[in-house]
Each structure stands twice: as C-alpha cells, then as structure tokens.
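Participant: To be precise about what I am sending: the file is called work37.pdb and holds PDB, N, CA and C atoms.
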```pdb
MODEL        1
ATOM      1  N   MET A1294     -79.144  97.395  49.072
ATOM      2  CA  MET A1294     -77.883  97.495  48.349
ATOM      3  C   MET A1294     -76.732  97.118  49.283
ATOM      4  N   ASN A1295     -75.976  96.169  48.903
ATOM      5  CA  ASN A1295     -74.800  95.780  49.672
ATOM      6  C   ASN A1295     -73.570  95.893  48.793
ATOM      7  N   ASN A1296     -72.415  95.952  49.443
ATOM      8  CA  ASN A1296     -71.136  96.049  48.743
ATOM      9  C   ASN A1296     -71.059  97.291  47.865
ATOM     10  N   ILE A1297     -71.556  98.395  48.390
ATOM     11  CA  ILE A1297     -71.505  99.675  47.697
ATOM     12  C   ILE A1297     -70.342 100.474  48.266
ATOM     13  N   ASN A1298     -69.550 101.067  47.410
ATOM     14  CA  ASN A1298     -68.459 101.936  47.821
ATOM     15  C   ASN A1298     -69.058 103.298  48.189
ATOM     16  N   ILE A1299     -68.798 103.767  49.409
ATOM     17  CA  ILE A1299     -69.326 105.053  49.870
ATOM     18  C   ILE A1299     -68.169 106.029  49.999
ATOM     19  N   ILE A1300     -68.248 107.139  49.251
ATOM     20  CA  ILE A1300     -67.199 108.163  49.289
ATOM     21  C   ILE A1300     -67.783 109.419  49.918
ATOM     22  N   ASN A1301     -67.158 109.860  50.984
ATOM     23  CA  ASN A1301     -67.602 111.031  51.735
ATOM     24  C   ASN A1301     -66.911 112.273  51.177
ATOM     25  N   LEU A1302     -67.668 113.114  50.485
ATOM     26  CA  LEU A1302     -67.127 114.346  49.892
ATOM     27  C   LEU A1302     -67.460 115.570  50.737
ATOM     28  N   THR A1303     -67.631 115.369  52.060
ATOM     29  CA  THR A1303     -67.809 116.477  52.992
ATOM     30  C   THR A1303     -66.490 116.655  53.747
ATOM     31  N   PRO A1304     -66.326 117.778  54.465
ATOM     32  CA  PRO A1304     -65.064 117.974  55.187
ATOM     33  C   PRO A1304     -64.978 117.239  56.523
ATOM     34  N   HIS A1305     -66.053 116.521  56.906
ATOM     35  CA  HIS A1305     -66.105 115.879  58.215
ATOM     36  C   HIS A1305     -66.407 114.389  58.087
ATOM     37  N   GLU A1306     -65.956 113.621  59.064
ATOM     38  CA  GLU A1306     -66.351 112.225  59.152
ATOM     39  C   GLU A1306     -67.868 112.172  59.314
ATOM     40  N   VAL A1307     -68.514 111.216  58.685
ATOM     41  CA  VAL A1307     -69.953 111.029  58.836
ATOM     42  C   VAL A1307     -70.163 109.779  59.690
ATOM     43  N   ASN A1308     -70.854 109.950  60.830
ATOM     44  CA  ASN A1308     -71.147 108.852  61.736
ATOM     45  C   ASN A1308     -72.620 108.495  61.620
ATOM     46  N   ILE A1309     -72.893 107.273  61.195
ATOM     47  CA  ILE A1309     -74.265 106.810  61.041
ATOM     48  C   ILE A1309     -74.568 105.875  62.204
ATOM     49  N   ILE A1310     -75.581 106.226  62.962
ATOM     50  CA  ILE A1310     -75.958 105.489  64.166
ATOM     51  C   ILE A1310     -77.138 104.587  63.813
ATOM     52  N   THR A1311     -76.905 103.275  63.852
ATOM     53  CA  THR A1311     -77.955 102.319  63.491
ATOM     54  C   THR A1311     -78.240 101.403  64.678
ATOM     55  N   ASP A1312     -79.314 100.637  64.569
ATOM     56  CA  ASP A1312     -79.649  99.667  65.611
ATOM     57  C   ASP A1312     -78.602  98.561  65.706
ATOM     58  N   ASN A1313     -77.859  98.358  64.626
ATOM     59  CA  ASN A1313     -76.846  97.299  64.585
ATOM     60  C   ASN A1313     -75.442  97.798  64.892
ATOM     61  N   GLY A1314     -75.326  99.059  65.333
ATOM     62  CA  GLY A1314     -74.023  99.635  65.630
ATOM     63  C   GLY A1314     -73.775 100.875  64.801
ATOM     64  N   ASN A1315     -72.654 101.506  65.042
ATOM     65  CA  ASN A1315     -72.319 102.749  64.351
ATOM     66  C   ASN A1315     -71.388 102.470  63.169
ATOM     67  N   ILE A1316     -71.588 103.266  62.127
ATOM     68  CA  ILE A1316     -70.751 103.180  60.935
ATOM     69  C   ILE A1316     -70.123 104.547  60.736
ATOM     70  N   SER A1317     -68.803 104.603  60.699
ATOM     71  CA  SER A1317     -68.087 105.866  60.483
ATOM     72  C   SER A1317     -67.502 105.872  59.082
ATOM     73  N   ILE A1318     -67.801 106.948  58.361
ATOM     74  CA  ILE A1318     -67.290 107.083  57.000
ATOM     75  C   ILE A1318     -66.363 108.294  56.992
ATOM     76  N   PRO A1319     -65.059 108.076  56.899
ATOM     77  CA  PRO A1319     -64.118 109.191  56.966
ATOM     78  C   PRO A1319     -64.233 110.123  55.763
ATOM     79  N   ALA A1320     -63.860 111.371  55.989
ATOM     80  CA  ALA A1320     -63.787 112.337  54.889
ATOM     81  C   ALA A1320     -62.742 111.839  53.899
ATOM     82  N   SER A1321     -63.022 111.969  52.619
ATOM     83  CA  SER A1321     -62.119 111.448  51.584
ATOM     84  C   SER A1321     -60.932 112.365  51.315
ATOM     85  N   GLY A1322     -61.046 113.620  51.760
ATOM     86  CA  GLY A1322     -60.009 114.598  51.448
ATOM     87  C   GLY A1322     -60.390 115.472  50.265
ATOM     88  N   THR A1323     -61.424 115.078  49.539
ATOM     89  CA  THR A1323     -61.977 115.882  48.448
ATOM     90  C   THR A1323     -63.321 116.403  48.919
ATOM     91  N   ILE A1324     -63.570 117.690  48.719
ATOM     92  CA  ILE A1324     -64.823 118.289  49.166
ATOM     93  C   ILE A1324     -65.597 118.797  47.958
ATOM     94  N   ALA A1325     -66.801 118.258  47.776
ATOM     95  CA  ALA A1325     -67.680 118.741  46.710
ATOM     96  C   ALA A1325     -68.344 120.025  47.215
ATOM     97  N   ARG A1326     -68.278 121.074  46.424
ATOM     98  CA  ARG A1326     -68.852 122.369  46.805
ATOM     99  C   ARG A1326     -69.503 123.014  45.598
ATOM    100  N   CYS A1327     -70.391 123.968  45.892
ATOM    101  CA  CYS A1327     -70.951 124.821  44.840
ATOM    102  C   CYS A1327     -70.122 126.093  44.785
ATOM    103  N   LYS A1328     -69.784 126.532  43.588
ATOM    104  CA  LYS A1328     -69.114 127.816  43.444
ATOM    105  C   LYS A1328     -70.033 128.900  43.998
ATOM    106  N   THR A1329     -69.435 129.938  44.596
ATOM    107  CA  THR A1329     -70.243 131.020  45.159
ATOM    108  C   THR A1329     -69.785 132.364  44.619
ATOM    109  N   GLU A1330     -70.750 133.247  44.538
ATOM    110  CA  GLU A1330     -70.488 134.627  44.132
ATOM    111  C   GLU A1330     -71.299 135.513  45.072
ATOM    112  N   ARG A1331     -70.616 136.479  45.721
ATOM    113  CA  ARG A1331     -71.298 137.359  46.665
ATOM    114  C   ARG A1331     -71.386 138.768  46.103
ATOM    115  N   GLU A1332     -72.537 139.386  46.339
ATOM    116  CA  GLU A1332     -72.780 140.755  45.905
ATOM    117  C   GLU A1332     -73.219 141.556  47.124
ATOM    118  N   VAL A1333     -72.566 142.686  47.367
ATOM    119  CA  VAL A1333     -72.967 143.554  48.472
ATOM    120  C   VAL A1333     -74.235 144.292  48.052
ATOM    121  N   THR A1334     -75.282 144.154  48.882
ATOM    122  CA  THR A1334     -76.567 144.762  48.551
ATOM    123  C   THR A1334     -76.916 145.941  49.453
ATOM    124  N   GLY A1335     -76.100 146.199  50.470
ATOM    125  CA  GLY A1335     -76.363 147.318  51.376
ATOM    126  C   GLY A1335     -75.637 147.134  52.682
ATOM    127  N   THR A1336     -76.062 147.887  53.681
ATOM    128  CA  THR A1336     -75.491 147.767  55.021
ATOM    129  C   THR A1336     -76.604 147.911  56.060
ATOM    130  N   ILE A1337     -76.375 147.329  57.214
ATOM    131  CA  ILE A1337     -77.242 147.489  58.376
ATOM    132  C   ILE A1337     -76.337 147.851  59.545
ATOM    133  N   ASN A1338     -76.506 149.074  60.064
ATOM    134  CA  ASN A1338     -75.669 149.549  61.179
ATOM    135  C   ASN A1338     -74.181 149.366  60.887
ATOM    136  N   GLY A1339     -73.789 149.624  59.660
ATOM    137  CA  GLY A1339     -72.385 149.524  59.272
ATOM    138  C   GLY A1339     -71.930 148.116  58.920
ATOM    139  N   ILE A1340     -72.823 147.137  58.996
ATOM    140  CA  ILE A1340     -72.487 145.746  58.683
ATOM    141  C   ILE A1340     -72.880 145.469  57.231
ATOM    142  N   PRO A1341     -71.948 145.019  56.409
ATOM    143  CA  PRO A1341     -72.299 144.724  55.017
ATOM    144  C   PRO A1341     -73.369 143.628  54.928
ATOM    145  N   VAL A1342     -74.294 143.805  54.019
ATOM    146  CA  VAL A1342     -75.307 142.797  53.709
ATOM    147  C   VAL A1342     -75.005 142.295  52.306
ATOM    148  N   THR A1343     -74.915 140.986  52.172
ATOM    149  CA  THR A1343     -74.566 140.409  50.872
ATOM    150  C   THR A1343     -75.640 139.425  50.406
ATOM    151  N   ARG A1344     -75.659 139.214  49.121
ATOM    152  CA  ARG A1344     -76.496 138.186  48.497
ATOM    153  C   ARG A1344     -75.536 137.182  47.887
ATOM    154  N   THR A1345     -75.759 135.914  48.188
ATOM    155  CA  THR A1345     -74.906 134.856  47.660
ATOM    156  C   THR A1345     -75.627 134.121  46.551
ATOM    157  N   LYS A1346     -74.946 133.961  45.434
ATOM    158  CA  LYS A1346     -75.459 133.178  44.319
ATOM    159  C   LYS A1346     -74.599 131.921  44.217
ATOM    160  N   PHE A1347     -75.265 130.778  44.163
ATOM    161  CA  PHE A1347     -74.554 129.509  44.077
ATOM    162  C   PHE A1347     -74.528 129.035  42.638
ATOM    163  N   GLY A1348     -73.358 128.579  42.215
ATOM    164  CA  GLY A1348     -73.173 128.152  40.834
ATOM    165  C   GLY A1348     -72.934 126.668  40.711
ATOM    166  N   GLU A1349     -72.116 126.318  39.729
ATOM    167  CA  GLU A1349     -71.881 124.914  39.416
ATOM    168  C   GLU A1349     -71.147 124.187  40.530
ATOM    169  N   VAL A1350     -71.307 122.892  40.543
ATOM    170  CA  VAL A1350     -70.685 122.036  41.557
ATOM    171  C   VAL A1350     -69.249 121.726  41.153
ATOM    172  N   GLU A1351     -68.357 121.804  42.138
ATOM    173  CA  GLU A1351     -66.946 121.466  41.945
ATOM    174  C   GLU A1351     -66.615 120.190  42.717
ATOM    175  N   ASN A1352     -65.722 119.395  42.182
ATOM    176  CA  ASN A1352     -65.160 118.216  42.846
ATOM    177  C   ASN A1352     -66.138 117.075  43.070
ATOM    178  N   LEU A1353     -67.192 117.003  42.263
ATOM    179  CA  LEU A1353     -68.085 115.847  42.322
ATOM    180  C   LEU A1353     -67.717 114.934  41.160
ATOM    181  N   PRO A1354     -67.185 113.750  41.459
ATOM    182  CA  PRO A1354     -66.774 112.846  40.377
ATOM    183  C   PRO A1354     -67.961 112.406  39.532
ATOM    184  N   GLU A1355     -67.661 111.945  38.354
ATOM    185  CA  GLU A1355     -68.675 111.348  37.488
ATOM    186  C   GLU A1355     -69.200 110.075  38.165
ATOM    187  N   PRO A1356     -70.424 109.672  37.850
ATOM    188  CA  PRO A1356     -70.954 108.435  38.445
ATOM    189  C   PRO A1356     -70.033 107.245  38.170
ATOM    190  N   LYS A1357     -69.954 106.361  39.168
ATOM    191  CA  LYS A1357     -69.166 105.135  39.060
ATOM    192  C   LYS A1357     -70.049 103.973  39.506
ATOM    193  N   GLU A1358     -69.898 102.874  38.864
ATOM    194  CA  GLU A1358     -70.699 101.695  39.212
ATOM    195  C   GLU A1358     -70.449 101.287  40.657
ATOM    196  N   ASN A1359     -71.521 100.951  41.376
ATOM    197  CA  ASN A1359     -71.466 100.492  42.768
ATOM    198  C   ASN A1359     -70.839 101.510  43.715
ATOM    199  N   THR A1360     -70.995 102.805  43.420
ATOM    200  CA  THR A1360     -70.416 103.866  44.252
ATOM    201  C   THR A1360     -71.456 104.945  44.485
ATOM    202  N   ILE A1361     -71.532 105.405  45.748
ATOM    203  CA  ILE A1361     -72.356 106.564  46.067
ATOM    204  C   ILE A1361     -71.474 107.618  46.719
ATOM    205  N   PHE A1362     -71.952 108.867  46.694
ATOM    206  CA  PHE A1362     -71.203 109.987  47.240
ATOM    207  C   PHE A1362     -72.045 110.682  48.306
ATOM    208  N   ILE A1363     -71.437 110.961  49.455
ATOM    209  CA  ILE A1363     -72.087 111.756  50.496
ATOM    210  C   ILE A1363     -71.623 113.194  50.317
ATOM    211  N   VAL A1364     -72.586 114.104  50.207
ATOM    212  CA  VAL A1364     -72.292 115.520  49.959
ATOM    213  C   VAL A1364     -73.148 116.388  50.879
ATOM    214  N   SER A1365     -72.933 117.687  50.821
ATOM    215  CA  SER A1365     -73.764 118.625  51.573
ATOM    216  C   SER A1365     -75.141 118.736  50.922
ATOM    217  N   SER A1366     -76.104 119.252  51.674
ATOM    218  CA  SER A1366     -77.452 119.468  51.130
ATOM    219  C   SER A1366     -77.421 120.411  49.937
ATOM    220  N   LEU A1367     -76.589 121.436  50.018
ATOM    221  CA  LEU A1367     -76.504 122.416  48.935
ATOM    222  C   LEU A1367     -76.041 121.762  47.634
ATOM    223  N   VAL A1368     -75.025 120.922  47.726
ATOM    224  CA  VAL A1368     -74.534 120.224  46.534
ATOM    225  C   VAL A1368     -75.611 119.272  46.012
ATOM    226  N   ALA A1369     -76.258 118.531  46.896
ATOM    227  CA  ALA A1369     -77.298 117.598  46.467
ATOM    228  C   ALA A1369     -78.437 118.324  45.760
ATOM    229  N   GLN A1370     -78.795 119.501  46.236
ATOM    230  CA  GLN A1370     -79.853 120.279  45.598
ATOM    231  C   GLN A1370     -79.451 120.723  44.196
ATOM    232  N   ALA A1371     -78.162 120.927  43.986
ATOM    233  CA  ALA A1371     -77.674 121.402  42.694
ATOM    234  C   ALA A1371     -77.625 120.293  41.639
ATOM    235  N   VAL A1372     -77.701 119.023  42.070
ATOM    236  CA  VAL A1372     -77.620 117.904  41.119
ATOM    237  C   VAL A1372     -78.767 116.908  41.361
ATOM    238  N   PRO A1373     -80.020 117.373  41.261
ATOM    239  CA  PRO A1373     -81.153 116.480  41.567
ATOM    240  C   PRO A1373     -81.266 115.284  40.621
ATOM    241  N   HIS A1374     -80.613 115.346  39.481
ATOM    242  CA  HIS A1374     -80.644 114.256  38.504
ATOM    243  C   HIS A1374     -79.705 113.104  38.865
ATOM    244  N   ARG A1375     -78.813 113.323  39.838
ATOM    245  CA  ARG A1375     -77.835 112.301  40.205
ATOM    246  C   ARG A1375     -78.426 111.340  41.241
ATOM    247  N   ASN A1376     -78.549 110.061  40.880
ATOM    248  CA  ASN A1376     -79.075 109.039  41.788
ATOM    249  C   ASN A1376     -78.020 108.487  42.730
ATOM    250  N   ASP A1377     -76.777 108.922  42.567
ATOM    251  CA  ASP A1377     -75.674 108.413  43.374
ATOM    252  C   ASP A1377     -75.216 109.412  44.436
ATOM    253  N   VAL A1378     -76.013 110.453  44.676
ATOM    254  CA  VAL A1378     -75.642 111.516  45.614
ATOM    255  C   VAL A1378     -76.588 111.471  46.817
ATOM    256  N   PHE A1379     -76.012 111.419  48.019
ATOM    257  CA  PHE A1379     -76.775 111.313  49.258
ATOM    258  C   PHE A1379     -76.276 112.341  50.268
ATOM    259  N   ILE A1380     -77.123 112.635  51.259
ATOM    260  CA  ILE A1380     -76.755 113.533  52.347
ATOM    261  C   ILE A1380     -76.928 112.794  53.673
ATOM    262  N   PRO A1381     -76.176 113.195  54.719
ATOM    263  CA  PRO A1381     -76.480 112.667  56.054
ATOM    264  C   PRO A1381     -77.879 113.157  56.440
ATOM    265  N   ASP A1382     -78.703 112.272  56.992
ATOM    266  CA  ASP A1382     -80.085 112.634  57.297
ATOM    267  C   ASP A1382     -80.474 112.153  58.688
ATOM    268  N   ASP A1383     -81.482 112.793  59.260
ATOM    269  CA  ASP A1383     -82.020 112.473  60.587
ATOM    270  C   ASP A1383     -80.924 112.604  61.650
ATOM    271  N   SER A1384     -80.506 113.833  61.879
ATOM    272  CA  SER A1384     -79.396 114.150  62.784
ATOM    273  C   SER A1384     -79.628 113.657  64.209
ATOM    274  N   VAL A1385     -78.532 113.247  64.853
ATOM    275  CA  VAL A1385     -78.524 112.870  66.264
ATOM    276  C   VAL A1385     -77.661 113.908  66.975
ATOM    277  N   ARG A1386     -78.182 114.458  68.080
ATOM    278  CA  ARG A1386     -77.465 115.502  68.819
ATOM    279  C   ARG A1386     -77.136 115.038  70.230
ATOM    280  N   ASP A1387     -76.048 115.614  70.790
ATOM    281  CA  ASP A1387     -75.688 115.327  72.173
ATOM    282  C   ASP A1387     -76.451 116.266  73.113
ATOM    283  N   GLU A1388     -76.134 116.215  74.397
ATOM    284  CA  GLU A1388     -76.831 117.010  75.406
ATOM    285  C   GLU A1388     -76.677 118.515  75.188
ATOM    286  N   GLN A1389     -75.590 118.940  74.541
ATOM    287  CA  GLN A1389     -75.349 120.359  74.270
ATOM    288  C   GLN A1389     -75.933 120.792  72.921
ATOM    289  N   GLY A1390     -76.586 119.885  72.226
ATOM    290  CA  GLY A1390     -77.200 120.227  70.946
ATOM    291  C   GLY A1390     -76.281 120.087  69.749
ATOM    292  N   ARG A1391     -75.067 119.590  69.952
ATOM    293  CA  ARG A1391     -74.132 119.407  68.839
ATOM    294  C   ARG A1391     -74.462 118.126  68.074
ATOM    295  N   ILE A1392     -74.361 118.186  66.763
ATOM    296  CA  ILE A1392     -74.611 116.997  65.949
ATOM    297  C   ILE A1392     -73.456 116.016  66.138
ATOM    298  N   ILE A1393     -73.810 114.777  66.498
ATOM    299  CA  ILE A1393     -72.796 113.737  66.704
ATOM    300  C   ILE A1393     -72.928 112.610  65.683
ATOM    301  N   GLY A1394     -73.958 112.668  64.871
ATOM    302  CA  GLY A1394     -74.148 111.631  63.864
ATOM    303  C   GLY A1394     -75.504 111.794  63.198
ATOM    304  N   CYS A1395     -75.847 110.772  62.429
ATOM    305  CA  CYS A1395     -77.154 110.752  61.767
ATOM    306  C   CYS A1395     -77.663 109.323  61.804
ATOM    307  N   ARG A1396     -78.947 109.172  61.498
ATOM    308  CA  ARG A1396     -79.553 107.840  61.514
ATOM    309  C   ARG A1396     -79.672 107.212  60.130
ATOM    310  N   SER A1397     -79.476 108.038  59.094
ATOM    311  CA  SER A1397     -79.662 107.508  57.742
ATOM    312  C   SER A1397     -78.960 108.378  56.707
ATOM    313  N   LEU A1398     -78.952 107.892  55.494
ATOM    314  CA  LEU A1398     -78.548 108.695  54.348
ATOM    315  C   LEU A1398     -79.830 109.099  53.634
ATOM    316  N   GLY A1399     -79.864 110.330  53.121
ATOM    317  CA  GLY A1399     -81.077 110.834  52.496
ATOM    318  C   GLY A1399     -80.835 111.314  51.084
ATOM    319  N   ARG A1400     -81.923 111.490  50.368
ATOM    320  CA  ARG A1400     -81.887 112.018  49.010
ATOM    321  C   ARG A1400     -82.691 113.306  48.977
ATOM    322  N   ILE A1401     -82.328 114.190  48.102
ATOM    323  CA  ILE A1401     -83.070 115.442  47.932
ATOM    324  C   ILE A1401     -83.775 115.391  46.598
TER     325      ILE A1401
ENDMDL
END
```
Could I get this file's structure written as structure tokens?

Facilitator:
Amino acid sequence: MNNINIINLTPHEVNIITDNGNISIPASGTIARCKTEREVTGTINGIPVTRTKFGEVENLPEPKENTIFIVSSLVAQAVPHRNDVFIPDDSVRDEQGRIIGCRSLGRI
C-alpha cells in the first residue's frame, strides 16, 4: 500500500525504524481512548485495590478512504472489526530499556 494517509491517534510521536531509514509520525493532537470505569474492590495494607472496566472507544474517526489510524493496543482490541486501525509493533529499546521506536505497524 502506497500513498496512504497515516493518522497517529496516540499521545506520542511514533518512530518506525526500517532498513530504508526512519519514519516519524507525529501525534495528531487527537487521542483515541477507551472510556474507563473504576470500582474499588478492597484494600491491601491501606492501598485501594480497584477493578477497571473499559467501555466504548472515544475519538476514533469513521473509516476514510486511503487512511489508516495508529492507536493504542487497548483501542485496537476494542474495534477488531476495523481494518484501518493499527498499533506500533516490534518495539526497539535503547540501552536503558526505554522504547525509542518500533519496526512495524501491527494488527490485533
């Protein structure tokens, strides 16, 4: 696929490290997220323990021709029917273990 519009709906720039050079996809300013609801289920040594329930996806545009969206794994899992949703995949880390990029885009 060539000439595809890639929209990054994560809060961070996505750096894809390829054999032909690096591709940086800036954050679009819109973040696709799953709604969350937390329920306190108890405590451990005075620390609250919660259960998180994830709901519908927010800020994911409708499909557009020749456009794909980069989202978090959680959002991608919530919309398995969407063929236009991708995640950063095959992480690349620096010497301190911090993620500095990825090698590909993935599907869930």

Participant: Could you work out how far atom N of Val1368 of chain A lies from atom C of Arg1326 of chain A, giving the answer in Å with one decimal?

Facilitator: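 Rounded to one decimal, the two atoms are 6.3 Å apart.
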
Participant: What does the distance from atom N of Val1385 of chain A to atom N of Val1307 of chain A come to in Å, to one decimal?

Facilitator: 11.9 Å

Participant: What is the atom CA of Val1350 of chain A-atom CA of Thr1329 of chain A distance in Å, reported with one decimal?

Facilitator: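 Distance between the two atoms: 9.7 Å.
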
Participant: Give me every strand (DSSP E) residue in chain A, going by DSSP on the backbone, as a compact mmCIF listing (two decimals) with N, CA and C atoms, in the coordinates of the input.

Facilitator:
```
# COMPACT_ATOMS: atom_id res chain seq x y z
N ASN A 1298 -69.55 101.07 47.41
CA ASN A 1298 -68.46 101.94 47.82
C ASN A 1298 -69.06 103.30 48.19
N ILE A 1299 -68.80 103.77 49.41
CA ILE A 1299 -69.33 105.05 49.87
C ILE A 1299 -68.17 106.03 50.00
N ILE A 1300 -68.25 107.14 49.25
CA ILE A 1300 -67.20 108.16 49.29
C ILE A 1300 -67.78 109.42 49.92
N ASN A 1301 -67.16 109.86 50.98
CA ASN A 1301 -67.60 111.03 51.74
C ASN A 1301 -66.91 112.27 51.18
N VAL A 1307 -68.51 111.22 58.68
CA VAL A 1307 -69.95 111.03 58.84
C VAL A 1307 -70.16 109.78 59.69
N ASN A 1308 -70.85 109.95 60.83
CA ASN A 1308 -71.15 108.85 61.74
C ASN A 1308 -72.62 108.50 61.62
N ILE A 1309 -72.89 107.27 61.20
CA ILE A 1309 -74.26 106.81 61.04
C ILE A 1309 -74.57 105.88 62.20
N ILE A 1310 -75.58 106.23 62.96
CA ILE A 1310 -75.96 105.49 64.17
C ILE A 1310 -77.14 104.59 63.81
N THR A 1311 -76.90 103.28 63.85
CA THR A 1311 -77.96 102.32 63.49
C THR A 1311 -78.24 101.40 64.68
N GLY A 1314 -75.33 99.06 65.33
CA GLY A 1314 -74.02 99.64 65.63
C GLY A 1314 -73.78 100.88 64.80
N ASN A 1315 -72.65 101.51 65.04
CA ASN A 1315 -72.32 102.75 64.35
C ASN A 1315 -71.39 102.47 63.17
N ILE A 1316 -71.59 103.27 62.13
CA ILE A 1316 -70.75 103.18 60.94
C ILE A 1316 -70.12 104.55 60.74
N SER A 1317 -68.80 104.60 60.70
CA SER A 1317 -68.09 105.87 60.48
C SER A 1317 -67.50 105.87 59.08
N ILE A 1318 -67.80 106.95 58.36
CA ILE A 1318 -67.29 107.08 57.00
C ILE A 1318 -66.36 108.29 56.99
N ARG A 1326 -68.28 121.07 46.42
CA ARG A 1326 -68.85 122.37 46.80
C ARG A 1326 -69.50 123.01 45.60
N CYS A 1327 -70.39 123.97 45.89
CA CYS A 1327 -70.95 124.82 44.84
C CYS A 1327 -70.12 126.09 44.78
N LYS A 1328 -69.78 126.53 43.59
CA LYS A 1328 -69.11 127.82 43.44
C LYS A 1328 -70.03 128.90 44.00
N THR A 1329 -69.44 129.94 44.60
CA THR A 1329 -70.24 131.02 45.16
C THR A 1329 -69.78 132.36 44.62
N GLU A 1330 -70.75 133.25 44.54
CA GLU A 1330 -70.49 134.63 44.13
C GLU A 1330 -71.30 135.51 45.07
N ARG A 1331 -70.62 136.48 45.72
CA ARG A 1331 -71.30 137.36 46.66
C ARG A 1331 -71.39 138.77 46.10
N GLU A 1332 -72.54 139.39 46.34
CA GLU A 1332 -72.78 140.76 45.90
C GLU A 1332 -73.22 141.56 47.12
N VAL A 1333 -72.57 142.69 47.37
CA VAL A 1333 -72.97 143.55 48.47
C VAL A 1333 -74.24 144.29 48.05
N THR A 1334 -75.28 144.15 48.88
CA THR A 1334 -76.57 144.76 48.55
C THR A 1334 -76.92 145.94 49.45
N GLY A 1335 -76.10 146.20 50.47
CA GLY A 1335 -76.36 147.32 51.38
C GLY A 1335 -75.64 147.13 52.68
N THR A 1336 -76.06 147.89 53.68
CA THR A 1336 -75.49 147.77 55.02
C THR A 1336 -76.60 147.91 56.06
N ILE A 1337 -76.38 147.33 57.21
CA ILE A 1337 -77.24 147.49 58.38
C ILE A 1337 -76.34 147.85 59.54
N ILE A 1340 -72.82 147.14 59.00
CA ILE A 1340 -72.49 145.75 58.68
C ILE A 1340 -72.88 145.47 57.23
N PRO A 1341 -71.95 145.02 56.41
CA PRO A 1341 -72.30 144.72 55.02
C PRO A 1341 -73.37 143.63 54.93
N VAL A 1342 -74.29 143.80 54.02
CA VAL A 1342 -75.31 142.80 53.71
C VAL A 1342 -75.00 142.29 52.31
N THR A 1343 -74.92 140.99 52.17
CA THR A 1343 -74.57 140.41 50.87
C THR A 1343 -75.64 139.43 50.41
N ARG A 1344 -75.66 139.21 49.12
CA ARG A 1344 -76.50 138.19 48.50
C ARG A 1344 -75.54 137.18 47.89
N THR A 1345 -75.76 135.91 48.19
CA THR A 1345 -74.91 134.86 47.66
C THR A 1345 -75.63 134.12 46.55
N LYS A 1346 -74.95 133.96 45.43
CA LYS A 1346 -75.46 133.18 44.32
C LYS A 1346 -74.60 131.92 44.22
N PHE A 1347 -75.26 130.78 44.16
CA PHE A 1347 -74.55 129.51 44.08
C PHE A 1347 -74.53 129.04 42.64
N GLY A 1348 -73.36 128.58 42.22
CA GLY A 1348 -73.17 128.15 40.83
C GLY A 1348 -72.93 126.67 40.71
N GLU A 1349 -72.12 126.32 39.73
CA GLU A 1349 -71.88 124.91 39.42
C GLU A 1349 -71.15 124.19 40.53
N VAL A 1350 -71.31 122.89 40.54
CA VAL A 1350 -70.68 122.04 41.56
C VAL A 1350 -69.25 121.73 41.15
N GLU A 1351 -68.36 121.80 42.14
CA GLU A 1351 -66.95 121.47 41.94
C GLU A 1351 -66.61 120.19 42.72
N THR A 1360 -71.00 102.80 43.42
CA THR A 1360 -70.42 103.87 44.25
C THR A 1360 -71.46 104.94 44.48
N ILE A 1361 -71.53 105.40 45.75
CA ILE A 1361 -72.36 106.56 46.07
C ILE A 1361 -71.47 107.62 46.72
N PHE A 1362 -71.95 108.87 46.69
CA PHE A 1362 -71.20 109.99 47.24
C PHE A 1362 -72.04 110.68 48.31
N ILE A 1363 -71.44 110.96 49.46
CA ILE A 1363 -72.09 111.76 50.50
C ILE A 1363 -71.62 113.19 50.32
N VAL A 1378 -76.01 110.45 44.68
CA VAL A 1378 -75.64 111.52 45.61
C VAL A 1378 -76.59 111.47 46.82
N PHE A 1379 -76.01 111.42 48.02
CA PHE A 1379 -76.78 111.31 49.26
C PHE A 1379 -76.28 112.34 50.27
N ILE A 1380 -77.12 112.64 51.26
CA ILE A 1380 -76.76 113.53 52.35
C ILE A 1380 -76.93 112.79 53.67
N PRO A 1381 -76.18 113.20 54.72
CA PRO A 1381 -76.48 112.67 56.05
C PRO A 1381 -77.88 113.16 56.44
N ASP A 1382 -78.70 112.27 56.99
CA ASP A 1382 -80.08 112.63 57.30
C ASP A 1382 -80.47 112.15 58.69
N ASP A 1383 -81.48 112.79 59.26
CA ASP A 1383 -82.02 112.47 60.59
C ASP A 1383 -80.92 112.60 61.65
N SER A 1384 -80.51 113.83 61.88
CA SER A 1384 -79.40 114.15 62.78
C SER A 1384 -79.63 113.66 64.21
N VAL A 1385 -78.53 113.25 64.85
CA VAL A 1385 -78.52 112.87 66.26
C VAL A 1385 -77.66 113.91 66.97
N ARG A 1386 -78.18 114.46 68.08
CA ARG A 1386 -77.46 115.50 68.82
C ARG A 1386 -77.14 115.04 70.23
N ILE A 1392 -74.36 118.19 66.76
CA ILE A 1392 -74.61 117.00 65.95
C ILE A 1392 -73.46 116.02 66.14
N ILE A 1393 -73.81 114.78 66.50
CA ILE A 1393 -72.80 113.74 66.70
C ILE A 1393 -72.93 112.61 65.68
N GLY A 1394 -73.96 112.67 64.87
CA GLY A 1394 -74.15 111.63 63.86
C GLY A 1394 -75.50 111.79 63.20
N CYS A 1395 -75.85 110.77 62.43
CA CYS A 1395 -77.15 110.75 61.77
C CYS A 1395 -77.66 109.32 61.80
N ARG A 1396 -78.95 109.17 61.50
CA ARG A 1396 -79.55 107.84 61.51
C ARG A 1396 -79.67 107.21 60.13
N SER A 1397 -79.48 108.04 59.09
CA SER A 1397 -79.66 107.51 57.74
C SER A 1397 -78.96 108.38 56.71
N LEU A 1398 -78.95 107.89 55.49
CA LEU A 1398 -78.55 108.70 54.35
C LEU A 1398 -79.83 109.10 53.63
N GLY A 1399 -79.86 110.33 53.12
CA GLY A 1399 -81.08 110.83 52.50
C GLY A 1399 -80.83 111.31 51.08
```

Participant: For a quick check of understanding, using only N, CA and C atoms, which of A:Glu1358, A:Glu1351, A:Asp1377, A:Asp1387 has the smallest distance to Cys1327 of chain A?

Facilitator: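 Smallest distance to Cys1327 of chain A is found for A:Glu1351.
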
Participant: At most 6 Å from (-70.8, 99.1, 42.6), file frame, all atoms listed in the file: which residues, as a PyMOL selection string?

Facilitator: chain A and resi 1296-1298+1357-1360

Participant: Can you list, as a ChimeraX atom specification, every protein, DNA or RNA residue that comes within 7 Å of Ile1380 of chain A when you count only N, CA and C atoms, leaving out same-chain residues fewer than 2 positions away?

Facilitator: /A:1362-1366,1369,1378,1382,1397-1401

Participant: With the file shown as input, list the residues that the PyMOL selection byres (((chain A and resi 1321 and name CA) around 7) and name CA) selects, as a ChimeraX atom specification.

Facilitator: /A:1300-1302,1319-1320,1322-1323
